[in-house]
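A.B. asks: I'd like to ask some things about the structure below.
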Amino acid sequence: MSNDQEIPDLPGRYILTDDGVPIAAYETGNPDGPCILFIHGFGFCHAAFLRQFSGPLARDYRLISLDLRGHGNSGKPSDRQAYTTTNAWAHDIEAVRRAFDLRDAVVVGWSFGSMVFMDWVRNYGIGDFRGFVSVGSNGAMIDASEEYRLQRAQAVLRVQDKQPNFAAELREAKNAADRNVYRSVDSGLREMMVLSNLKLSLYATKVMAEMEHDSHDLIPALTCPVLFILGEHDAANSEETLQELASSLPDATVQMMDGVGHSPFLEDPPSFNFLIDNFMRELG
């Protein structure tokens, strides 16, 4: 970003979930177009999709986004159960779905956001959603390897040992921004990523680390068309495992994006937007 004027002015509004958490939600794009709901990843917020909100997708589609609980401008509850149950995260999506009267919408979930959508599926079924794009994620629908389980257990311990320290949190936010991309992004986007990470409190991070996501049993429920988008240099998943998962679903494909990492929508917006547009058009 060369200047702040390139950042779209996207005012949001607050929606109250069934368990009393205020969720910041946003709308832009073509109000008469088909709807796309964007769900960000862990430690980020709706601003992760800035390059979609100001790009060609906004011309043809109604674009809805939110800040998940604990993230961005949404509420940050002190109750541990507000972060550690599947129905808690499902509340966020359901509140937005009702508030914006989302019918026949397509969900684009990035990383942790894909897992949150599967939490919604667990609690409500596929409902009126007519398509699902999972970016950099298998939606926790595959069995984790022993190596992954060990690495995650070690990561949880490291998080639990952390104490409030703003300088350390700032360093970690910068590291998280860099870890999530392979292709460097401009300074404006990187600053947005750092600020988003800082808006997730350490308390929420420590509690969320305790939650285990396992959506393997939900594969039969995912009856809508599904597109998995994976960056060539995304270490979180492999094309082989996603292809295997796609083959177990009734209508799913995998699309690799060259030269990008875990955040293809930021690293190569034109290619990412083309894939989303093509998926929407194939749905009719």
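The chains in the structure tokens are called A, B, ... from first to last as shown; in each chain the residues are counted from 1, and the ligands are counted from 1 in the order shown.
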Find the spatial neighbours of Leu68 of chain A, counting only C-alpha atoms, within a cut-off of 8 Å - ignore same-chain residues fewer than 3 positions away - and output them as a ChimeraX atom specification.
C.D. replies: /A:23-24,39-40,45,71-72,74,89,92
A.B. asks: Those same residues, written as a PDB file, in the first residue's frame with all heavy atoms?
C.D. replies:
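Result went into again30.pdb, see below:
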```pdb
ATOM      1  N   ILE A  23     -20.343  -8.844  18.439  1.00  0.00           N
ATOM      2  CA  ILE A  23     -19.519  -9.187  17.280  1.00  0.00           C
ATOM      3  C   ILE A  23     -19.529  -8.015  16.302  1.00  0.00           C
ATOM      4  O   ILE A  23     -20.599  -7.543  15.893  1.00  0.00           O
ATOM      5  CB  ILE A  23     -20.047 -10.453  16.579  1.00  0.00           C
ATOM      6  CG1 ILE A  23     -19.960 -11.657  17.524  1.00  0.00           C
ATOM      7  CG2 ILE A  23     -19.276 -10.734  15.287  1.00  0.00           C
ATOM      8  CD1 ILE A  23     -18.556 -12.013  17.955  1.00  0.00           C
ATOM      9  N   ALA A  24     -18.333  -7.547  15.930  1.00  0.00           N
ATOM     10  CA  ALA A  24     -18.219  -6.488  14.925  1.00  0.00           C
ATOM     11  C   ALA A  24     -18.352  -7.115  13.548  1.00  0.00           C
ATOM     12  O   ALA A  24     -17.619  -8.053  13.205  1.00  0.00           O
ATOM     13  CB  ALA A  24     -16.876  -5.780  15.058  1.00  0.00           C
ATOM     14  N   ILE A  39     -14.387 -15.307   6.694  1.00  0.00           N
ATOM     15  CA  ILE A  39     -14.056 -15.586   8.094  1.00  0.00           C
ATOM     16  C   ILE A  39     -12.542 -15.654   8.221  1.00  0.00           C
ATOM     17  O   ILE A  39     -11.892 -16.510   7.612  1.00  0.00           O
ATOM     18  CB  ILE A  39     -14.683 -16.909   8.577  1.00  0.00           C
ATOM     19  CG1 ILE A  39     -16.187 -16.953   8.260  1.00  0.00           C
ATOM     20  CG2 ILE A  39     -14.461 -17.083  10.071  1.00  0.00           C
ATOM     21  CD1 ILE A  39     -16.839 -18.287   8.591  1.00  0.00           C
ATOM     22  N   HIS A  40     -11.965 -14.766   9.005  1.00  0.00           N
ATOM     23  CA  HIS A  40     -10.511 -14.639   9.109  1.00  0.00           C
ATOM     24  C   HIS A  40      -9.904 -15.751   9.960  1.00  0.00           C
ATOM     25  O   HIS A  40     -10.605 -16.564  10.588  1.00  0.00           O
ATOM     26  CB  HIS A  40     -10.159 -13.274   9.715  1.00  0.00           C
ATOM     27  CG  HIS A  40     -10.667 -13.100  11.122  1.00  0.00           C
ATOM     28  ND1 HIS A  40     -10.007 -13.606  12.211  1.00  0.00           N
ATOM     29  CD2 HIS A  40     -11.781 -12.485  11.610  1.00  0.00           C
ATOM     30  CE1 HIS A  40     -10.663 -13.300  13.310  1.00  0.00           C
ATOM     31  NE2 HIS A  40     -11.753 -12.630  12.982  1.00  0.00           N
ATOM     32  N   CYS A  45      -8.225 -10.378  11.804  1.00  0.00           N
ATOM     33  CA  CYS A  45      -9.577  -9.836  11.862  1.00  0.00           C
ATOM     34  C   CYS A  45     -10.082  -9.675  10.432  1.00  0.00           C
ATOM     35  O   CYS A  45      -9.430 -10.113   9.485  1.00  0.00           O
ATOM     36  CB  CYS A  45      -9.603  -8.505  12.625  1.00  0.00           C
ATOM     37  SG  CYS A  45      -8.751  -7.141  11.787  1.00  0.00           S
ATOM     38  N   HIS A  71     -11.189 -11.284  18.890  1.00  0.00           N
ATOM     39  CA  HIS A  71     -10.361 -10.702  17.841  1.00  0.00           C
ATOM     40  C   HIS A  71     -10.876  -9.318  17.442  1.00  0.00           C
ATOM     41  O   HIS A  71     -12.055  -8.998  17.612  1.00  0.00           O
ATOM     42  CB  HIS A  71     -10.374 -11.587  16.591  1.00  0.00           C
ATOM     43  CG  HIS A  71      -9.759 -12.936  16.771  1.00  0.00           C
ATOM     44  ND1 HIS A  71     -10.377 -13.948  17.483  1.00  0.00           N
ATOM     45  CD2 HIS A  71      -8.584 -13.461  16.317  1.00  0.00           C
ATOM     46  CE1 HIS A  71      -9.605 -15.027  17.461  1.00  0.00           C
ATOM     47  NE2 HIS A  71      -8.520 -14.756  16.773  1.00  0.00           N
ATOM     48  N   GLY A  72      -9.986  -8.529  16.853  1.00  0.00           N
ATOM     49  CA  GLY A  72     -10.382  -7.262  16.253  1.00  0.00           C
ATOM     50  C   GLY A  72     -11.198  -6.403  17.193  1.00  0.00           C
ATOM     51  O   GLY A  72     -10.865  -6.201  18.360  1.00  0.00           O
ATOM     52  N   SER A  74     -14.344  -7.065  18.101  1.00  0.00           N
ATOM     53  CA  SER A  74     -15.400  -7.824  18.772  1.00  0.00           C
ATOM     54  C   SER A  74     -15.121  -7.963  20.261  1.00  0.00           C
ATOM     55  O   SER A  74     -14.015  -7.692  20.744  1.00  0.00           O
ATOM     56  CB  SER A  74     -15.546  -9.209  18.128  1.00  0.00           C
ATOM     57  OG  SER A  74     -16.160  -9.103  16.857  1.00  0.00           O
ATOM     58  N   TRP A  89     -18.156 -20.690  19.134  1.00  0.00           N
ATOM     59  CA  TRP A  89     -17.727 -20.112  17.857  1.00  0.00           C
ATOM     60  C   TRP A  89     -18.868 -20.121  16.840  1.00  0.00           C
ATOM     61  O   TRP A  89     -18.981 -19.204  16.017  1.00  0.00           O
ATOM     62  CB  TRP A  89     -16.515 -20.882  17.322  1.00  0.00           C
ATOM     63  CG  TRP A  89     -15.333 -20.746  18.219  1.00  0.00           C
ATOM     64  CD1 TRP A  89     -14.899 -21.656  19.141  1.00  0.00           C
ATOM     65  CD2 TRP A  89     -14.472 -19.613  18.332  1.00  0.00           C
ATOM     66  NE1 TRP A  89     -13.807 -21.156  19.806  1.00  0.00           N
ATOM     67  CE2 TRP A  89     -13.524 -19.916  19.338  1.00  0.00           C
ATOM     68  CE3 TRP A  89     -14.406 -18.388  17.676  1.00  0.00           C
ATOM     69  CZ2 TRP A  89     -12.516 -19.019  19.690  1.00  0.00           C
ATOM     70  CZ3 TRP A  89     -13.407 -17.499  18.042  1.00  0.00           C
ATOM     71  CH2 TRP A  89     -12.473 -17.815  19.034  1.00  0.00           C
ATOM     72  N   ASP A  92     -21.025 -16.973  16.724  1.00  0.00           N
ATOM     73  CA  ASP A  92     -20.579 -15.796  15.970  1.00  0.00           C
ATOM     74  C   ASP A  92     -21.126 -15.832  14.545  1.00  0.00           C
ATOM     75  O   ASP A  92     -21.643 -14.830  14.031  1.00  0.00           O
ATOM     76  CB  ASP A  92     -19.051 -15.740  15.922  1.00  0.00           C
ATOM     77  CG  ASP A  92     -18.430 -15.551  17.304  1.00  0.00           C
ATOM     78  OD1 ASP A  92     -19.178 -15.522  18.301  1.00  0.00           O
ATOM     79  OD2 ASP A  92     -17.196 -15.441  17.382  1.00  0.00           O
TER      80      ASP A  92
END
```
A.B. asks: If you take only C-alpha atoms and a cut-off of 9 Å, which residues of segment 53-82 of chain A touch segment 9-19 of chain A, and what are their nearest atom pairs and distances in Å to one decimal, in chain and number order, as a Markdown table?
C.D. replies:
```
| residue | atom | partner | partner_atom | distance |
| --- | --- | --- | --- | --- |
| A:Phe53 | CA | A:Leu10 | CA | 8.7 |
| A:Leu66 | CA | A:Gly12 | CA | 8.6 |
| A:Ser74 | CA | A:Tyr14 | CA | 7.9 |
| A:Ala82 | CA | A:Asp19 | CA | 8.1 |
```
A.B. asks: With a cut-off of 8 Å, could you pull out the residues of segment 122-182 of chain A touching segment 190-199 of chain A and give me the nearest pair of atoms for each, distance in Å to one decimal, using only C-alpha atoms, ordered by chain and ascending number, as a Markdown table?
C.D. replies:
```
| residue | atom | partner | partner_atom | distance |
| --- | --- | --- | --- | --- |
| A:Glu169 | CA | A:Leu198 | CA | 7.2 |
| A:Leu170 | CA | A:Leu198 | CA | 7.0 |
| A:Ala173 | CA | A:Val194 | CA | 5.1 |
| A:Lys174 | CA | A:Val194 | CA | 5.5 |
| A:Ala176 | CA | A:Val194 | CA | 7.6 |
| A:Ala177 | CA | A:Met193 | CA | 5.5 |
| A:Asp178 | CA | A:Arg190 | CA | 8.0 |
```
A.B. asks: Quick one, how far is atom CA of Phe279 of chain A from atom CA of Arg179 of chain A?
C.D. replies: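 Between these atoms lies a distance of 27.7 Å.
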A.B. asks: Residues of segment 80-116 of chain A in strand (DSSP E) according to DSSP, as a PDB file with N, CA, C and O atoms, in the first residue's frame?
C.D. replies:
```
ATOM      1  N   VAL A 106     -21.913 -17.963   0.026  1.00  0.00           N
ATOM      2  CA  VAL A 106     -20.709 -18.788  -0.012  1.00  0.00           C
ATOM      3  C   VAL A 106     -19.790 -18.331   1.111  1.00  0.00           C
ATOM      4  O   VAL A 106     -19.606 -17.132   1.333  1.00  0.00           O
ATOM      5  N   VAL A 107     -19.219 -19.277   1.836  1.00  0.00           N
ATOM      6  CA  VAL A 107     -18.312 -18.981   2.937  1.00  0.00           C
ATOM      7  C   VAL A 107     -16.875 -19.135   2.460  1.00  0.00           C
ATOM      8  O   VAL A 107     -16.514 -20.139   1.848  1.00  0.00           O
ATOM      9  N   VAL A 108     -16.046 -18.123   2.748  1.00  0.00           N
ATOM     10  CA  VAL A 108     -14.602 -18.214   2.522  1.00  0.00           C
ATOM     11  C   VAL A 108     -13.946 -18.165   3.898  1.00  0.00           C
ATOM     12  O   VAL A 108     -13.948 -17.138   4.566  1.00  0.00           O
ATOM     13  N   GLY A 109     -13.419 -19.310   4.338  1.00  0.00           N
ATOM     14  CA  GLY A 109     -12.783 -19.393   5.641  1.00  0.00           C
ATOM     15  C   GLY A 109     -11.282 -19.566   5.496  1.00  0.00           C
ATOM     16  O   GLY A 109     -10.827 -20.429   4.738  1.00  0.00           O
ATOM     17  N   TRP A 110     -10.536 -18.751   6.203  1.00  0.00           N
ATOM     18  CA  TRP A 110      -9.075 -18.835   6.144  1.00  0.00           C
ATOM     19  C   TRP A 110      -8.545 -19.490   7.410  1.00  0.00           C
ATOM     20  O   TRP A 110      -8.814 -19.034   8.514  1.00  0.00           O
TER      21      TRP A 110
END
```
A.B. asks: Counting only C-alpha atoms, figure out which residue out of A:Arg183, A:Arg122, A:Arg281, A:Arg158 gets nearest to Leu218 of chain A.
C.D. replies: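 Between A:Arg183, A:Arg122, A:Arg281, A:Arg158, the residue approaching Leu218 of chain A most closely is A:Arg122.
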